[in-house]
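Pasted below: data_13.txt, compact mmCIF, C-alpha atoms.
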```txt
# COMPACT_ATOMS: atom_id res chain seq x y z
CA MET V 1 15.31 -37.65 -20.89
CA ASP V 2 11.81 -37.56 -22.33
CA THR V 3 9.00 -36.30 -20.14
CA PRO V 4 6.41 -39.06 -19.49
CA ALA V 5 3.07 -38.48 -21.17
CA LEU V 6 0.71 -36.79 -18.75
CA ALA V 7 -1.91 -39.42 -19.50
CA ASP V 8 0.45 -42.02 -18.07
CA LEU V 9 0.27 -40.30 -14.67
CA ARG V 10 -3.39 -41.23 -14.26
CA ARG V 11 -4.23 -43.25 -11.15
CA GLU V 12 -7.35 -44.83 -9.72
CA TYR V 13 -8.61 -43.98 -6.25
CA SER V 14 -9.77 -46.97 -4.26
CA LEU V 15 -8.74 -46.60 -0.61
CA ALA V 16 -12.09 -45.66 0.88
CA GLY V 17 -15.55 -44.24 0.35
CA LEU V 18 -17.47 -41.49 2.11
CA ARG V 19 -21.13 -41.80 3.05
CA ARG V 20 -23.51 -39.24 4.50
CA ALA V 21 -23.73 -41.43 7.60
CA ASP V 22 -19.95 -41.11 8.06
CA LEU V 23 -20.07 -37.34 8.46
CA GLU V 24 -20.10 -35.29 11.63
CA ALA V 25 -22.91 -32.73 11.84
CA ASP V 26 -20.32 -29.99 12.29
CA PRO V 27 -17.68 -29.54 9.54
CA ILE V 28 -14.98 -28.44 11.98
CA ALA V 29 -15.41 -31.70 13.86
CA GLN V 30 -15.28 -33.56 10.54
CA PHE V 31 -12.11 -31.70 9.55
CA GLN V 32 -10.48 -32.46 12.89
CA LYS V 33 -11.29 -36.16 12.43
CA TRP V 34 -9.69 -36.23 8.99
CA PHE V 35 -6.74 -34.15 10.15
CA GLN V 36 -6.06 -36.57 13.01
CA GLN V 37 -6.15 -39.43 10.52
CA ALA V 38 -3.69 -37.58 8.29
CA GLN V 39 -1.37 -37.14 11.28
CA ALA V 40 -1.73 -40.80 12.24
CA ALA V 41 -0.74 -41.75 8.67
CA ASN V 42 2.55 -39.82 9.16
CA LEU V 43 1.92 -37.62 6.14
CA PRO V 44 4.56 -34.92 5.59
CA GLU V 45 3.21 -31.60 6.86
CA PRO V 46 -0.49 -32.53 6.92
CA ASN V 47 -1.19 -28.92 7.96
CA ALA V 48 0.08 -27.56 4.62
CA MET V 49 -2.72 -25.78 2.77
CA THR V 50 -3.03 -23.80 -0.43
CA LEU V 51 -4.26 -20.27 0.29
CA ALA V 52 -5.93 -18.42 -2.58
CA THR V 53 -6.45 -14.65 -2.46
CA SER V 54 -7.16 -11.90 -4.99
CA ASP V 55 -6.09 -8.30 -5.53
CA LYS V 56 -8.21 -5.18 -6.02
CA GLN V 57 -8.80 -6.07 -9.67
CA GLY V 58 -9.85 -9.62 -8.82
CA HIS V 59 -6.62 -11.20 -10.10
CA PRO V 60 -6.02 -14.38 -8.07
CA SER V 61 -2.83 -15.66 -6.50
CA ALA V 62 -2.12 -18.79 -4.50
CA ARG V 63 0.61 -20.23 -2.31
CA THR V 64 1.13 -22.87 0.37
CA VAL V 65 0.99 -21.86 4.03
CA LEU V 66 0.76 -23.84 7.26
CA LEU V 67 -2.33 -24.21 9.43
CA LYS V 68 -1.46 -23.31 13.02
CA ASP V 69 -4.83 -23.52 14.78
CA ILE V 70 -8.30 -24.87 14.04
CA GLY V 71 -11.50 -24.40 16.02
CA GLN V 72 -15.03 -23.11 15.75
CA ARG V 73 -13.78 -19.65 14.76
CA GLY V 74 -11.96 -21.10 11.74
CA PHE V 75 -8.51 -21.80 10.29
CA VAL V 76 -5.55 -19.76 11.56
CA PHE V 77 -2.20 -19.09 9.89
CA PHE V 78 0.54 -16.48 10.40
CA THR V 79 2.38 -14.25 7.96
CA ASN V 80 3.89 -10.88 7.18
CA TYR V 81 0.95 -8.48 6.88
CA GLU V 82 2.82 -6.53 4.17
CA SER V 83 3.39 -9.60 1.97
CA ARG V 84 1.36 -10.10 -1.19
CA LYS V 85 -1.14 -12.31 0.59
CA GLY V 86 -1.32 -9.94 3.53
CA ARG V 87 -2.03 -6.94 1.32
CA GLU V 88 -4.57 -8.83 -0.77
CA LEU V 89 -6.44 -10.02 2.31
CA GLU V 90 -6.67 -6.42 3.53
CA TRP V 91 -8.06 -5.36 0.14
CA ASN V 92 -10.39 -8.33 -0.20
CA PRO V 93 -11.03 -10.30 3.02
CA ASN V 94 -12.29 -13.38 1.20
CA ALA V 95 -10.11 -16.43 0.73
CA ALA V 96 -10.10 -20.11 -0.15
CA LEU V 97 -8.05 -22.95 1.31
CA VAL V 98 -7.27 -26.41 -0.06
CA PHE V 99 -5.81 -29.33 1.89
CA TYR V 100 -4.68 -32.23 -0.30
CA TRP V 101 -3.67 -35.49 1.34
CA ALA V 102 -2.68 -37.59 -1.66
CA GLN V 103 -1.78 -40.71 0.31
CA LEU V 104 -5.32 -40.80 1.75
CA GLU V 105 -6.92 -39.78 -1.56
CA ARG V 106 -8.62 -36.89 0.24
CA GLN V 107 -9.10 -33.19 -0.28
CA VAL V 108 -10.77 -30.48 1.80
CA CYS V 109 -11.80 -27.16 0.24
CA VAL V 110 -12.67 -24.16 2.40
CA ALA V 111 -14.10 -20.74 1.51
CA GLY V 112 -14.60 -17.96 4.02
CA THR V 113 -13.99 -14.46 5.24
CA VAL V 114 -10.71 -13.43 6.80
CA SER V 115 -9.81 -11.26 9.79
CA ARG V 116 -6.69 -10.68 11.86
CA VAL V 117 -6.26 -12.51 15.14
CA SER V 118 -5.41 -10.46 18.21
CA ALA V 119 -1.94 -9.00 18.72
CA GLU V 120 -1.71 -11.01 21.94
CA GLU V 121 -2.34 -14.29 20.12
CA SER V 122 0.17 -13.39 17.43
CA ALA V 123 2.78 -12.57 20.09
CA THR V 124 2.16 -15.85 21.91
CA TYR V 125 2.64 -17.88 18.75
CA PHE V 126 5.65 -15.80 17.65
CA LYS V 127 7.44 -16.57 20.91
CA SER V 128 6.90 -20.31 20.34
CA ARG V 129 8.79 -20.25 17.02
CA PRO V 130 12.49 -21.20 16.76
CA LYS V 131 14.76 -18.22 17.16
CA GLY V 132 15.92 -18.44 13.56
CA SER V 133 12.35 -18.16 12.33
CA ARG V 134 11.73 -15.15 14.56
CA LEU V 135 14.82 -13.42 13.22
CA ALA V 136 13.80 -14.25 9.66
CA ALA V 137 10.51 -12.43 10.20
CA TRP V 138 12.57 -9.26 10.68
CA VAL V 139 15.03 -10.02 7.88
CA SER V 140 12.56 -10.58 5.07
CA ASN V 141 10.43 -7.83 3.53
CA GLN V 142 8.27 -10.61 2.18
CA SER V 143 7.28 -10.44 -1.51
CA GLU V 144 9.54 -7.43 -2.18
CA PRO V 145 12.31 -7.68 -4.83
CA ILE V 146 15.87 -8.13 -3.50
CA PRO V 147 19.22 -8.04 -5.36
CA ASP V 148 20.55 -11.37 -4.08
CA ARG V 149 20.56 -13.84 -1.19
CA LYS V 150 23.64 -12.22 0.37
CA LEU V 151 21.46 -9.30 1.51
CA LEU V 152 19.29 -11.68 3.56
CA GLU V 153 22.30 -13.45 5.06
CA LYS V 154 23.94 -10.12 5.98
CA LYS V 155 20.78 -8.85 7.68
CA LEU V 156 20.40 -12.15 9.54
CA ALA V 157 23.97 -11.96 10.83
CA MET V 158 23.46 -8.37 12.01
CA LEU V 159 20.22 -9.23 13.81
CA SER V 160 21.78 -12.31 15.41
CA GLU V 161 24.47 -10.07 16.90
CA ARG V 162 21.88 -7.57 18.06
CA HIS V 163 19.82 -10.33 19.74
CA PRO V 164 22.34 -12.85 21.11
CA ASP V 165 19.81 -14.15 23.60
CA ASP V 166 16.19 -15.15 23.09
CA ASP V 167 14.78 -11.61 23.20
CA VAL V 168 13.46 -11.26 19.64
CA PRO V 169 10.40 -8.96 19.64
CA VAL V 170 7.38 -9.39 17.38
CA PRO V 171 7.53 -7.24 14.23
CA SER V 172 4.64 -4.80 14.01
CA ASN V 173 3.85 -6.07 10.50
CA TRP V 174 3.64 -9.75 11.45
CA GLY V 175 0.73 -11.76 12.83
CA GLY V 176 -2.12 -14.14 12.27
CA PHE V 177 -5.19 -14.35 10.07
CA CYS V 178 -8.27 -16.48 10.68
CA VAL V 179 -10.41 -17.81 7.84
CA ALA V 180 -13.98 -18.09 9.16
CA PRO V 181 -15.60 -20.65 6.83
CA HIS V 182 -18.98 -20.35 5.19
CA ARG V 183 -18.38 -23.36 2.95
CA ILE V 184 -16.36 -26.55 3.49
CA GLU V 185 -16.22 -29.47 1.08
CA PHE V 186 -14.87 -32.95 1.83
CA TRP V 187 -13.67 -34.95 -1.16
CA GLN V 188 -12.82 -38.67 -1.13
CA GLY V 189 -11.36 -40.20 -4.27
CA ARG V 190 -13.27 -43.16 -5.73
CA PRO V 191 -12.81 -45.49 -8.72
CA ASN V 192 -13.79 -44.34 -12.23
CA ARG V 193 -13.64 -40.70 -11.11
CA LEU V 194 -17.01 -41.12 -9.33
CA HIS V 195 -15.62 -39.37 -6.25
CA ASP V 196 -17.56 -38.75 -3.06
CA ARG V 197 -18.09 -35.02 -2.39
CA PHE V 198 -20.01 -33.50 0.50
CA GLU V 199 -20.51 -29.77 0.93
CA TYR V 200 -21.30 -27.99 4.20
CA LEU V 201 -22.92 -24.56 3.77
CA ARG V 202 -23.34 -22.22 6.74
CA LEU V 203 -26.92 -20.96 7.12
CA LEU V 204 -28.08 -17.66 8.57
CA ASP V 205 -28.62 -19.22 12.00
CA ASN V 206 -25.02 -20.57 11.90
CA SER V 207 -26.18 -24.15 11.48
CA TRP V 208 -24.79 -26.19 8.60
CA GLN V 209 -26.58 -27.67 5.59
CA ILE V 210 -24.95 -30.80 4.13
CA GLU V 211 -25.39 -31.84 0.50
CA ARG V 212 -23.79 -34.49 -1.66
CA LEU V 213 -22.30 -33.05 -4.85
CA ALA V 214 -21.84 -34.77 -8.18
CA PRO V 215 -18.19 -35.56 -8.87
```

Mind turning the file's structure into structure tokens?
Amino acid sequence: MDTPALADLRREYSLAGLRRADLEADPIAQFQKWFQQAQAANLPEPNAMTLATSDKQGHPSARTVLLKDIGQRGFVFFTNYESRKGRELEWNPNAALVFYWAQLERQVCVAGTVSRVSAEESATYFKSRPKGSRLAAWVSNQSEPIPDRKLLEKKLAMLSERHPDDDVPVPSNWGGFCVAPHRIEFWQGRPNRLHDRFEYLRLLDNSWQIERLAP
């Protein structure tokens, strides 16, 4: 079967516009408003976000992770600290996030500095996860090469026998990161590629400057 020409995939954006008067003064409040609208639209995993990091040489990498908390401190997600993203964030604590809600023709781009959340917060969230997910955190040496899937399944079976009840402890190499934003951009698709883009930049006094950007 022939692959459709990429030009044929072009679409127009016409659902809504975004005006300066529509925006909250605080970008976290604006994000929460859009996130609630994404939830109300029953989008699949509206908390999915692309996380971009870089290694010691500045080589970038990106993957999709899930937002687990949002507030004035920033955007929180959880991972294996020894994974590629975990190691890169230790080497270079700067990261970017992208939320793309295609059905709403919206995108949010975030740039900020990253730090670990407390061990207590990580433990609280870990305990809220399904047991299978908690066991998997022990099974997987994330980002490391493995010979085959059978190794994972064998380790999972062994751990399930070792922890028949709900007593799965938190791995020492597992926990949360928080991206404290210094820049957040809200993008609304518009016809003729004349999209609406507004950028919030954090100032030295922690207030936010808002500017419209050319599409």

Write out as a Markdown table a residue-level contact list of region 42-74 of chain V versus region 174-184 of chain V with cut-off 9 Å: for each qualifying residue the closest pair of atoms and the distance in Å to one decimal, counting all atoms listed in the file, rows sorted by chain and residue number upward.
```
| residue | atom | partner | partner_atom | distance |
| --- | --- | --- | --- | --- |
| V:Asp69 | CA | V:Cys178 | CA | 8.8 |
| V:Gln72 | CA | V:Ala180 | CA | 8.4 |
| V:Arg73 | CA | V:Ala180 | CA | 5.8 |
| V:Gly74 | CA | V:Ala180 | CA | 4.4 |
```

Find the residues around Ser140 (chain V) up to 10 Å (only C-alpha atoms counted), leave out those fewer than 4 positions away in its own chain, and share them as a PyMOL selection string.
chain V and resi 80+83+135-136+144+146+151-152+155-156

Cut-off 12 Å: closest region 113-209 of chain V/region 25-37 of chain V atom pairs per residue, using all atoms listed in the file, as CSV:
```
residue,atom,partner,partner_atom,distance
V:Ala180,CA,V:Ile28,CA,10.8
V:Pro181,CA,V:Ile28,CA,9.4
V:His182,CA,V:Pro27,CA,10.3
V:Arg183,CA,V:Pro27,CA,9.1
V:Ile184,CA,V:Pro27,CA,6.9
V:Glu185,CA,V:Pro27,CA,8.6
V:Phe186,CA,V:Phe31,CA,8.3
V:Trp187,CA,V:Trp34,CA,11.0
V:Gln188,CA,V:Trp34,CA,10.9
V:Phe198,CA,V:Pro27,CA,10.1
V:Glu199,CA,V:Pro27,CA,9.1
V:Tyr200,CA,V:Pro27,CA,6.6
V:Leu201,CA,V:Pro27,CA,9.2
V:Arg202,CA,V:Pro27,CA,9.7
V:Asn206,CA,V:Asp26,CA,10.5
V:Ser207,CA,V:Asp26,CA,8.3
V:Trp208,CA,V:Asp26,CA,6.9
V:Gln209,CA,V:Ala25,CA,8.8
```

Looking at V:Arg84, V:Gly17, V:Asp8, V:Val98, which one is nearest to Pro46 (chain V), with distances taken over only C-alpha atoms?
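With only C-alpha atoms as the atom set, the closest residue is V:Val98.
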
Just how far from CA of Glu24 (chain V) is CA of Pro215 (chain V), in Å to one decimal?
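Going from CA of Pro215 (chain V) over to CA of Glu24 (chain V) covers 20.6 Å.
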
Among the residues V:Asn47, V:Ser172, V:Ser14, V:Thr79, the one that comes closest to Ser143 (chain V) [using all atoms listed in the file]
V:Thr79

I'd like to know which of V:Leu194, V:Val76, V:Leu51, V:Leu6 is closest to Ala95 (chain V), using only C-alpha atoms.
V:Leu51

Can you work out which one of V:Lys85, V:Arg162, V:Arg197, V:Arg11 has the shortest atom-to-atom distance to Arg63 (chain V), counting all atoms listed in the file?
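Looking at the shortest contact to Arg63 (chain V), the residue is V:Lys85.
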
Mind pulling up the distance from CA of Arg106 (chain V) to CA of Ile70 (chain V)?
18.3 Å

Could you jot down the CA of Thr113 (chain V) to CA of Ala214 (chain V) separation for me, Å, one decimal place?
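These atoms are spaced 25.6 Å apart.
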
Determine the axis-aligned bounding box of all atoms of region 179-185 of chain V present in the file, pad each side by 5 Å, and express its centre and edge lengths in Å to one decimal place as AutoDock Vina command-line options.
```
--center_x -14.7 --center_y -23.6 --center_z 5.1 --size_x 18.6 --size_y 21.7 --size_z 18.1
```

Using all atoms listed in the file, the best pick from V:Val114, V:Val108, V:Leu67, V:Ala48 as closest to Pro93 (chain V) would be V:Val114

Judged by all atoms listed in the file, the minimum distance to Val170 (chain V) among V:Ser133, V:Ser122, V:Asn192, V:Arg212 is found for V:Ser122
